[in-house]
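*Asks:* Just data_18.tsv, nothing more (TSV, C-alpha atoms and all ligand atoms):
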```tsv
chain	number	residue	atom	x	y	z
P	15	MET	CA	10.97	16.91	15.97
P	16	THR	CA	9.52	20.35	16.66
P	17	GLY	CA	5.99	21.49	15.91
P	18	PRO	CA	2.81	19.44	15.97
P	19	THR	CA	3.02	15.70	15.42
P	20	PRO	CA	2.46	15.02	11.71
P	21	THR	CA	-0.43	12.72	10.86
P	22	GLY	CA	-0.28	10.33	7.92
P	23	LEU	CA	2.98	8.75	6.83
P	24	THR	CA	6.41	10.29	7.27
P	25	LEU	CA	9.83	8.95	6.29
P	26	GLN	CA	12.85	10.82	7.61
P	27	ASP	CA	16.32	10.21	6.18
P	28	VAL	CA	15.65	6.53	5.61
P	29	VAL	CA	18.67	4.45	4.58
P	30	LEU	CA	18.25	0.81	3.63
P	31	THR	CA	21.05	-1.48	2.49
P	32	TYR	CA	21.13	-5.12	1.41
P	33	PRO	CA	24.09	-7.52	1.65
P	34	ASP	CA	25.87	-7.65	-1.71
P	35	GLY	CA	28.81	-10.07	-1.61
P	36	ASP	CA	31.26	-8.64	0.89
P	37	ARG	CA	29.84	-5.15	0.45
P	38	ARG	CA	26.39	-3.60	0.91
P	39	LEU	CA	24.09	-2.26	-1.75
P	40	THR	CA	22.31	0.98	-0.83
P	41	ALA	CA	18.69	0.57	-1.94
P	42	LEU	CA	17.35	3.71	-0.18
P	43	ASP	CA	19.66	6.65	0.32
P	44	ALA	CA	18.42	9.26	2.82
P	45	VAL	CA	14.80	9.15	1.66
P	46	SER	CA	12.43	11.67	3.28
P	47	LEU	CA	8.78	12.16	2.40
P	48	HIS	CA	5.46	13.01	3.94
P	49	SER	CA	1.99	11.95	2.84
P	50	ALA	CA	-0.87	13.55	4.76
P	51	PRO	CA	-4.28	11.94	5.39
P	52	GLY	CA	-6.34	12.14	2.21
P	53	GLU	CA	-3.26	12.64	0.04
P	54	LEU	CA	-2.19	10.40	-2.84
P	55	THR	CA	1.57	10.32	-3.26
P	56	ALA	CA	2.92	8.58	-6.33
P	57	ILE	CA	6.41	7.11	-6.44
P	58	VAL	CA	7.81	6.61	-9.92
P	59	GLY	CA	11.21	5.37	-11.00
P	60	PRO	CA	13.00	2.87	-13.18
P	61	SER	CA	13.39	-0.82	-12.38
P	62	GLY	CA	15.75	-1.33	-9.46
P	63	SER	CA	15.47	2.26	-8.23
P	64	GLY	CA	14.17	1.14	-4.81
P	65	LYS	CA	10.37	1.51	-5.12
P	66	SER	CA	9.48	-1.87	-3.62
P	67	SER	CA	12.11	-1.39	-0.91
P	68	LEU	CA	10.51	1.93	0.00
P	69	LEU	CA	7.08	0.34	0.32
P	70	ALA	CA	8.51	-2.54	2.38
P	71	VAL	CA	10.09	-0.08	4.82
P	72	ALA	CA	6.86	1.97	5.02
P	73	ALA	CA	4.96	-1.28	5.66
P	74	THR	CA	7.37	-2.21	8.51
P	75	LEU	CA	8.24	-5.38	6.59
P	76	LEU	CA	11.88	-4.22	6.43
P	77	ARG	CA	13.67	-2.20	9.09
P	78	PRO	CA	15.85	0.62	7.76
P	79	ASP	CA	19.54	0.80	8.68
P	80	SER	CA	18.91	4.36	9.87
P	81	GLY	CA	16.24	7.04	9.71
P	82	ARG	CA	12.68	7.02	10.96
P	83	VAL	CA	9.27	5.90	9.73
P	84	LEU	CA	6.31	7.56	11.45
P	85	VAL	CA	2.67	6.46	11.21
P	86	ASP	CA	0.43	9.21	12.59
P	87	GLY	CA	3.48	10.56	14.37
P	88	GLU	CA	4.46	7.25	15.99
P	89	ASP	CA	7.95	5.95	15.22
P	90	VAL	CA	7.38	2.38	14.01
P	91	CYS	CA	11.00	1.35	13.40
P	92	GLY	CA	11.64	0.09	16.92
P	93	LEU	CA	8.59	-2.18	17.12
P	94	THR	CA	8.96	-5.88	17.91
P	95	ALA	CA	7.83	-8.29	15.19
P	96	LYS	CA	4.59	-8.88	17.08
P	97	GLN	CA	3.90	-5.15	17.46
P	98	ALA	CA	4.67	-4.58	13.78
P	99	THR	CA	2.21	-7.32	12.80
P	100	ALA	CA	-0.47	-5.66	14.95
P	101	LEU	CA	0.33	-2.27	13.41
P	102	ARG	CA	-0.04	-3.69	9.89
P	103	ARG	CA	-3.36	-5.27	10.81
P	104	GLU	CA	-4.77	-2.12	12.39
P	105	ARG	CA	-3.16	0.87	10.68
P	106	ILE	CA	-1.64	-0.10	7.34
P	107	GLY	CA	-3.48	-1.34	4.27
P	108	ILE	CA	-1.36	-3.05	1.64
P	109	VAL	CA	-2.35	-3.70	-1.99
P	110	PHE	CA	0.10	-5.89	-3.85
P	111	GLN	CA	0.81	-6.03	-7.56
P	112	GLN	CA	-1.09	-9.28	-8.04
P	113	PRO	CA	-4.24	-9.51	-5.94
P	114	ASN	CA	-3.34	-12.20	-3.40
P	115	LEU	CA	-6.89	-13.41	-2.84
P	116	LEU	CA	-7.78	-16.80	-1.43
P	117	ALA	CA	-9.07	-18.94	-4.31
P	118	SER	CA	-11.83	-20.68	-2.38
P	119	LEU	CA	-13.43	-17.55	-0.89
P	120	THR	CA	-15.96	-15.19	-2.45
P	121	ALA	CA	-15.24	-11.47	-2.59
P	122	LEU	CA	-17.37	-10.92	0.49
P	123	GLU	CA	-15.66	-13.74	2.37
P	124	GLN	CA	-12.21	-12.28	1.61
P	125	LEU	CA	-13.24	-9.23	3.66
P	126	LEU	CA	-14.99	-11.29	6.34
P	127	ALA	CA	-11.76	-13.25	6.83
P	128	VAL	CA	-10.02	-9.99	7.73
P	129	ALA	CA	-12.91	-9.13	10.06
P	130	HIS	CA	-12.55	-12.49	11.78
P	131	LEU	CA	-8.81	-11.94	12.33
P	132	ARG	CA	-9.57	-8.55	13.85
P	133	GLY	CA	-12.37	-9.87	16.06
P	134	THR	CA	-15.09	-7.71	14.45
P	135	ARG	CA	-18.62	-8.90	15.32
P	136	PRO	CA	-20.02	-10.91	12.36
P	137	ARG	CA	-23.14	-8.80	11.75
P	138	ALA	CA	-21.24	-5.50	11.81
P	139	ALA	CA	-18.53	-7.05	9.66
P	140	ARG	CA	-20.94	-8.20	6.98
P	141	GLY	CA	-22.60	-4.80	6.69
P	142	ARG	CA	-19.28	-3.05	6.46
P	143	ALA	CA	-17.87	-5.55	3.95
P	144	GLU	CA	-20.92	-5.20	1.69
P	145	GLN	CA	-20.71	-1.41	1.87
P	146	LEU	CA	-17.00	-1.42	1.02
P	147	LEU	CA	-17.47	-3.78	-1.91
P	148	ALA	CA	-20.28	-1.59	-3.24
P	149	SER	CA	-18.06	1.48	-2.87
P	150	VAL	CA	-15.44	-0.09	-5.14
P	151	GLY	CA	-18.12	-1.05	-7.68
P	152	LEU	CA	-18.71	-4.69	-6.78
P	153	THR	CA	-22.48	-5.08	-6.74
P	154	ASP	CA	-25.11	-7.15	-8.58
P	155	GLY	CA	-24.00	-10.43	-7.07
P	156	LYS	CA	-20.32	-9.96	-7.86
P	157	GLN	CA	-19.63	-9.86	-4.13
P	158	HIS	CA	-20.55	-13.55	-4.06
P	159	ARG	CA	-18.13	-14.60	-6.79
P	160	ARG	CA	-14.80	-16.32	-6.25
P	161	PRO	CA	-11.61	-14.78	-7.69
P	162	HIS	CA	-11.62	-16.94	-10.85
P	163	GLN	CA	-15.13	-15.64	-11.64
P	164	LEU	CA	-13.95	-12.01	-11.56
P	165	SER	CA	-11.91	-9.96	-14.04
P	166	GLY	CA	-8.38	-8.77	-13.18
P	167	GLY	CA	-9.69	-5.26	-12.47
P	168	GLU	CA	-12.48	-6.62	-10.28
P	169	ARG	CA	-10.02	-8.74	-8.33
P	170	GLN	CA	-7.91	-5.66	-7.74
P	171	ARG	CA	-11.06	-3.86	-6.48
P	172	VAL	CA	-11.64	-6.66	-3.95
P	173	ASN	CA	-8.01	-6.28	-2.92
P	174	ILE	CA	-8.49	-2.54	-2.36
P	175	ALA	CA	-11.73	-3.02	-0.40
P	176	ARG	CA	-10.02	-5.63	1.77
P	177	ALA	CA	-7.09	-3.30	2.46
P	178	LEU	CA	-9.55	-0.61	3.58
P	179	PHE	CA	-11.52	-2.86	5.92
P	180	ALA	CA	-9.55	-1.84	9.03
P	181	GLU	CA	-9.84	1.90	8.18
P	182	PRO	CA	-6.04	2.13	7.93
P	183	ALA	CA	-4.19	5.41	8.35
P	184	VAL	CA	-1.78	4.43	5.59
P	185	LEU	CA	-2.50	2.70	2.27
P	186	LEU	CA	0.48	1.24	0.38
P	187	VAL	CA	-0.08	0.19	-3.20
P	188	ASP	CA	2.50	-1.57	-5.38
P	189	GLU	CA	1.96	-1.43	-9.17
P	190	PRO	CA	-1.76	-2.23	-8.94
P	191	THR	CA	-2.32	-1.91	-12.67
P	192	SER	CA	0.55	-3.95	-14.06
P	193	ALA	CA	-1.71	-6.84	-15.05
P	194	LEU	CA	-4.40	-4.58	-16.57
P	195	ASP	CA	-4.85	-2.81	-19.88
P	196	HIS	CA	-4.56	0.97	-19.89
P	197	GLU	CA	-8.24	1.80	-19.51
P	198	ARG	CA	-8.80	-0.63	-16.65
P	199	GLY	CA	-5.55	0.58	-15.07
P	200	ALA	CA	-6.76	4.18	-15.26
P	201	ARG	CA	-10.05	3.23	-13.60
P	202	ILE	CA	-8.20	1.52	-10.74
P	203	THR	CA	-6.03	4.62	-10.26
P	204	ASP	CA	-9.19	6.79	-10.25
P	205	LEU	CA	-10.65	4.51	-7.61
P	206	LEU	CA	-7.49	4.78	-5.49
P	207	ALA	CA	-7.69	8.57	-5.65
P	208	THR	CA	-11.34	8.44	-4.59
P	209	VAL	CA	-10.80	6.07	-1.65
P	210	THR	CA	-7.79	8.12	-0.54
P	211	ARG	CA	-10.07	11.16	-0.20
P	212	THR	CA	-13.10	9.40	1.29
P	213	HIS	CA	-11.19	7.19	3.73
P	214	ARG	CA	-8.58	9.89	4.48
P	215	THR	CA	-5.67	7.47	3.99
P	216	ALA	CA	-2.12	8.65	3.44
P	217	THR	CA	-1.61	6.69	0.24
P	218	LEU	CA	1.69	5.76	-1.41
P	219	LEU	CA	1.26	4.42	-4.93
P	220	VAL	CA	4.21	2.87	-6.72
P	221	THR	CA	3.95	2.80	-10.49
P	222	HIS	CA	6.08	2.98	-13.59
P	223	ASP	CA	3.22	4.35	-15.67
P	224	ARG	CA	3.14	8.14	-15.40
P	225	THR	CA	0.07	8.44	-17.60
P	226	LEU	CA	-1.97	7.02	-14.69
P	227	LEU	CA	-1.00	9.81	-12.32
P	228	THR	CA	-3.42	12.60	-13.17
P	229	HIS	CA	-4.96	12.38	-9.68
P	230	ALA	CA	-1.78	12.31	-7.61
P	231	ASP	CA	-1.26	15.13	-5.10
P	232	GLN	CA	2.50	14.71	-5.36
P	233	ILE	CA	4.70	12.71	-7.69
P	234	LEU	CA	8.13	11.75	-6.35
P	235	GLU	CA	10.80	10.27	-8.57
P	236	LEU	CA	13.16	7.66	-7.19
P	237	VAL	CA	16.49	7.22	-8.96
P	238	ASP	CA	19.17	4.90	-7.57
P	239	GLY	CA	17.54	4.97	-4.14
P	240	ARG	CA	17.33	8.78	-3.96
P	241	LEU	CA	14.23	10.92	-4.24
P	242	ARG	CA	14.26	13.78	-6.69
P	301	LIG	N1	16.59	-8.92	-0.89
P	301	LIG	C1	17.50	-8.24	-1.61
P	301	LIG	N2	18.82	-8.52	-1.47
P	301	LIG	C2	19.77	-7.81	-2.15
P	301	LIG	N3	19.48	-6.80	-2.99
P	301	LIG	C3	18.18	-6.50	-3.18
P	301	LIG	C4	17.13	-7.20	-2.50
P	301	LIG	N4	15.95	-6.67	-2.88
P	301	LIG	C5	16.23	-5.68	-3.76
P	301	LIG	N5	17.57	-5.57	-3.94
P	301	LIG	C6	18.26	-4.57	-4.78
P	301	LIG	O1	17.91	-3.28	-4.27
P	301	LIG	C7	17.69	-2.37	-5.35
P	301	LIG	C8	16.27	-1.81	-5.28
P	301	LIG	O2	15.37	-2.86	-5.53
P	301	LIG	P1	13.78	-2.65	-5.52
P	301	LIG	O3	13.14	-4.00	-5.69
P	301	LIG	O4	13.39	-1.88	-4.32
P	301	LIG	O5	13.57	-1.78	-6.84
P	301	LIG	P2	12.23	-1.41	-7.66
P	301	LIG	O6	12.34	0.02	-8.02
P	301	LIG	O7	11.05	-1.84	-6.89
P	301	LIG	O8	12.39	-2.29	-8.96
P	301	LIG	P3	11.23	-2.91	-9.96
P	301	LIG	O9	10.55	-1.74	-10.60
P	301	LIG	O10	12.06	-3.70	-10.95
P	301	LIG	O11	10.35	-3.78	-9.13
P	301	LIG	C9	17.98	-3.14	-6.63
P	301	LIG	O12	19.33	-2.89	-6.99
P	301	LIG	C10	17.81	-4.60	-6.22
P	301	LIG	O13	18.64	-5.43	-6.99
```
With the file now loaded, output its structure as structure tokens.
Ligand SMILES: Nc1ncnc2c1ncn2[C@@H]1O[C@H](COP(=O)(O)OP(=O)(O)OP(=O)(O)O)[C@@H](O)[C@H]1O

*Replies:*
Amino acid sequence: MTGPTPTGLTLQDVVLTYPDGDRRLTALDAVSLHSAPGELTAIVGPSGSGKSSLLAVAATLLRPDSGRVLVDGEDVCGLTAKQATALRRERIGIVFQQPNLLASLTALEQLLAVAHLRGTRPRAARGRAEQLLASVGLTDGKQHRRPHQLSGGERQRVNIARALFAEPAVLLVDEPTSALDHERGARITDLLATVTRTHRTATLLVTHDRTLLTHADQILELVDGRLR
């Protein structure tokens, strides 16, 4: 590529196919996009259009058949499984549809578990975890509650704070509001826009609900694996 190395997340001509009987199904068909640090990019599209596949490729969970995925200018498609795991831990925050929190841990402990995996010193980790939870609105003792003692929206906030713990360059978010009513969904999308700006993440947000996208910097539509 010519010019300066792009920061944030870049996909170049990404093709992804799945086995489909004796043929192959093309889930992503020459997809190119760029999301800069501090930019919220929304991906919308009907069921089966390839949204989850796109996030999986961006997360290095699936390797594309061809094309390139760059995180802060580094091509991540050729990484070994071990390198890809390290990249996800250090550079990529992932927020799944259903908050996959550990039932026995409090909100604070969910973040401290990440800190432990990363080898962050306990005192520094605790301060940072408390600050992050406060920044997503979890104060007044809620940081000491377990998932079943929190609302769906609050659980999703813990999920977002946890994904931000490593100060990732890229934040990937898959239908974060599907289990929430419209108002709570809108507040989560507002929060994602705010953290994208303050943490300077290149954020990809997959959603089917266009009414939640008032804060997106770009909205890309995926149809049959192609971006429009
Ligand atoms: N593991 C797989 N093996 C074979 N085909 C798959 C696999 N995963 C997804 N597909 C197919 O790839 C296409 C894209 O699927 P994908 O899950 O990325 O779509 P999506 O836009 O996220 O859909 P939804 O909104 O319903 O979650 C679909 O035709 C789907 O059937």

*Asks:* Within 9 Å of ligand LIG 301 (chain P), which residues of chain P come that close, and what is the closest atom pair and distance in Å for each? Count all atoms listed in the file and give it as a Markdown table.

*Replies:*
```
| residue | atom | partner | partner_atom | distance |
| --- | --- | --- | --- | --- |
| P:Leu30 | CA | P:LIG301 | O1 | 8.9 |
| P:Thr31 | CA | P:LIG301 | O1 | 7.7 |
| P:Tyr32 | CA | P:LIG301 | C2 | 4.7 |
| P:Pro33 | CA | P:LIG301 | C2 | 5.8 |
| P:Asp34 | CA | P:LIG301 | C2 | 6.1 |
| P:Arg38 | CA | P:LIG301 | C2 | 8.4 |
| P:Leu39 | CA | P:LIG301 | N3 | 6.6 |
| P:Thr40 | CA | P:LIG301 | O1 | 7.0 |
| P:Ala41 | CA | P:LIG301 | O1 | 4.6 |
| P:Leu42 | CA | P:LIG301 | C8 | 7.6 |
| P:Val58 | CA | P:LIG301 | O6 | 8.2 |
| P:Gly59 | CA | P:LIG301 | O6 | 6.2 |
| P:Pro60 | CA | P:LIG301 | O9 | 5.8 |
| P:Ser61 | CA | P:LIG301 | O9 | 3.5 |
| P:Gly62 | CA | P:LIG301 | O5 | 3.4 |
| P:Ser63 | CA | P:LIG301 | O6 | 3.9 |
| P:Gly64 | CA | P:LIG301 | O4 | 3.2 |
| P:Lys65 | CA | P:LIG301 | O6 | 3.8 |
| P:Ser66 | CA | P:LIG301 | O7 | 3.6 |
| P:Ser67 | CA | P:LIG301 | O4 | 3.7 |
| P:Leu68 | CA | P:LIG301 | O4 | 6.4 |
| P:Leu69 | CA | P:LIG301 | O4 | 8.1 |
| P:Ala70 | CA | P:LIG301 | O4 | 8.3 |
| P:Asp188 | CA | P:LIG301 | O7 | 8.7 |
| P:Glu189 | CA | P:LIG301 | O11 | 8.7 |
| P:Val220 | CA | P:LIG301 | O7 | 8.3 |
| P:Thr221 | CA | P:LIG301 | O9 | 8.0 |
| P:His222 | CA | P:LIG301 | O9 | 7.2 |
| P:Leu236 | CA | P:LIG301 | O6 | 7.7 |
| P:Val237 | CA | P:LIG301 | O6 | 8.4 |
| P:Asp238 | CA | P:LIG301 | C8 | 7.7 |
| P:Gly239 | CA | P:LIG301 | C8 | 7.0 |
```

*Asks:* Between CA of Gln145 in chain P and CA of Leu115 in chain P, what is the spacing in Å?

*Replies:*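 So the two atoms, CA of Leu115 in chain P and CA of Gln145 in chain P, lie 18.9 Å apart.
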
*Asks:* Please return as a ChimeraX atom specification every residue within 12 Å of (-10.9, -9.2, -10.7), taking into account only C-alpha atoms and the file's own coordinates.

*Replies:* /P:112-115,117,120-121,150-152,156-157,159-174,190-191,193-194,198-199,202

*Asks:* Could you pull the residues within 12 Å of Ala139 in chain P, counting all atoms listed in the file, minus those fewer than 2 positions along the same chain, as number ranges by chain?

*Replies:* P: 122-137, 141-146, 176, 179-180

*Asks:* Could you check which of P:Thr153, P:Thr21, P:Ser192, P:Thr217 is closest to Asp86 in chain P, using only C-alpha atoms?

*Replies:* P:Thr21

*Asks:* For Val71 in chain P, work out the shell of residues within 10 Å, counting all atoms listed in the file and skipping chain neighbours fewer than 3 positions away, then give it as a list of chain:residue names.

*Replies:* P:Leu25, P:Val28, P:Val29, P:Leu30, P:Leu42, P:Ser66, P:Ser67, P:Leu68, P:Thr74, P:Leu75, P:Leu76, P:Arg77, P:Pro78, P:Arg82, P:Val83, P:Val90, P:Cys91

*Asks:* P:Asp223, P:Ser118, P:Ala175, P:Asp79: which is nearest Ala148 in chain P, counting all atoms listed in the file?

*Replies:*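 With all atoms listed in the file as the atom set, the closest residue is P:Ala175.
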
*Asks:* Pick the closest to Val85 in chain P from P:Ile57, P:Val109, P:Ile233, P:Ala216: which is it, counting only C-alpha atoms?

*Replies:* P:Ala216

*Asks:* Near Leu101 in chain P, within 10 Å and counting all atoms listed in the file, which residues show up once chain neighbours fewer than 3 positions away are dropped, as a VMD selection string?

*Replies:* chain P and resid 73 to 74 85 90 93 95 to 98 104 to 107 182

*Asks:* Export, as a PDB file, keeping the file's coordinate frame, the selected residues with C-alpha atoms.

*Replies:*
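again08.pdb was written with the following content:
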```
ATOM      1  CA  ALA P  73       4.960  -1.280   5.660  1.00  0.00           C
ATOM      2  CA  THR P  74       7.370  -2.210   8.510  1.00  0.00           C
ATOM      3  CA  VAL P  85       2.670   6.460  11.210  1.00  0.00           C
ATOM      4  CA  VAL P  90       7.380   2.380  14.010  1.00  0.00           C
ATOM      5  CA  LEU P  93       8.590  -2.180  17.120  1.00  0.00           C
ATOM      6  CA  ALA P  95       7.830  -8.290  15.190  1.00  0.00           C
ATOM      7  CA  LYS P  96       4.590  -8.880  17.080  1.00  0.00           C
ATOM      8  CA  GLN P  97       3.900  -5.150  17.460  1.00  0.00           C
ATOM      9  CA  ALA P  98       4.670  -4.580  13.780  1.00  0.00           C
ATOM     10  CA  GLU P 104      -4.770  -2.120  12.390  1.00  0.00           C
ATOM     11  CA  ARG P 105      -3.160   0.870  10.680  1.00  0.00           C
ATOM     12  CA  ILE P 106      -1.640  -0.100   7.340  1.00  0.00           C
ATOM     13  CA  GLY P 107      -3.480  -1.340   4.270  1.00  0.00           C
ATOM     14  CA  PRO P 182      -6.040   2.130   7.930  1.00  0.00           C
TER      15      PRO P 182
END
```

*Asks:* Distance CA of His229 in chain P-CA of His48 in chain P, one decimal place?

*Replies:* 17.2 Å

*Asks:* If I take CA of Asp204 in chain P and CA of Ala230 in chain P, how far is one from the other in Å, to one decimal?

*Replies:* 9.6 Å

*Asks:* Using all atoms listed in the file, which residues sit within 12 Å of Arg214 in chain P once same-chain residues fewer than 2 positions away are excluded, as a PyMOL selection string?

*Replies:* chain P and resi 21-23+49-54+178+181-185+206-212+216-217
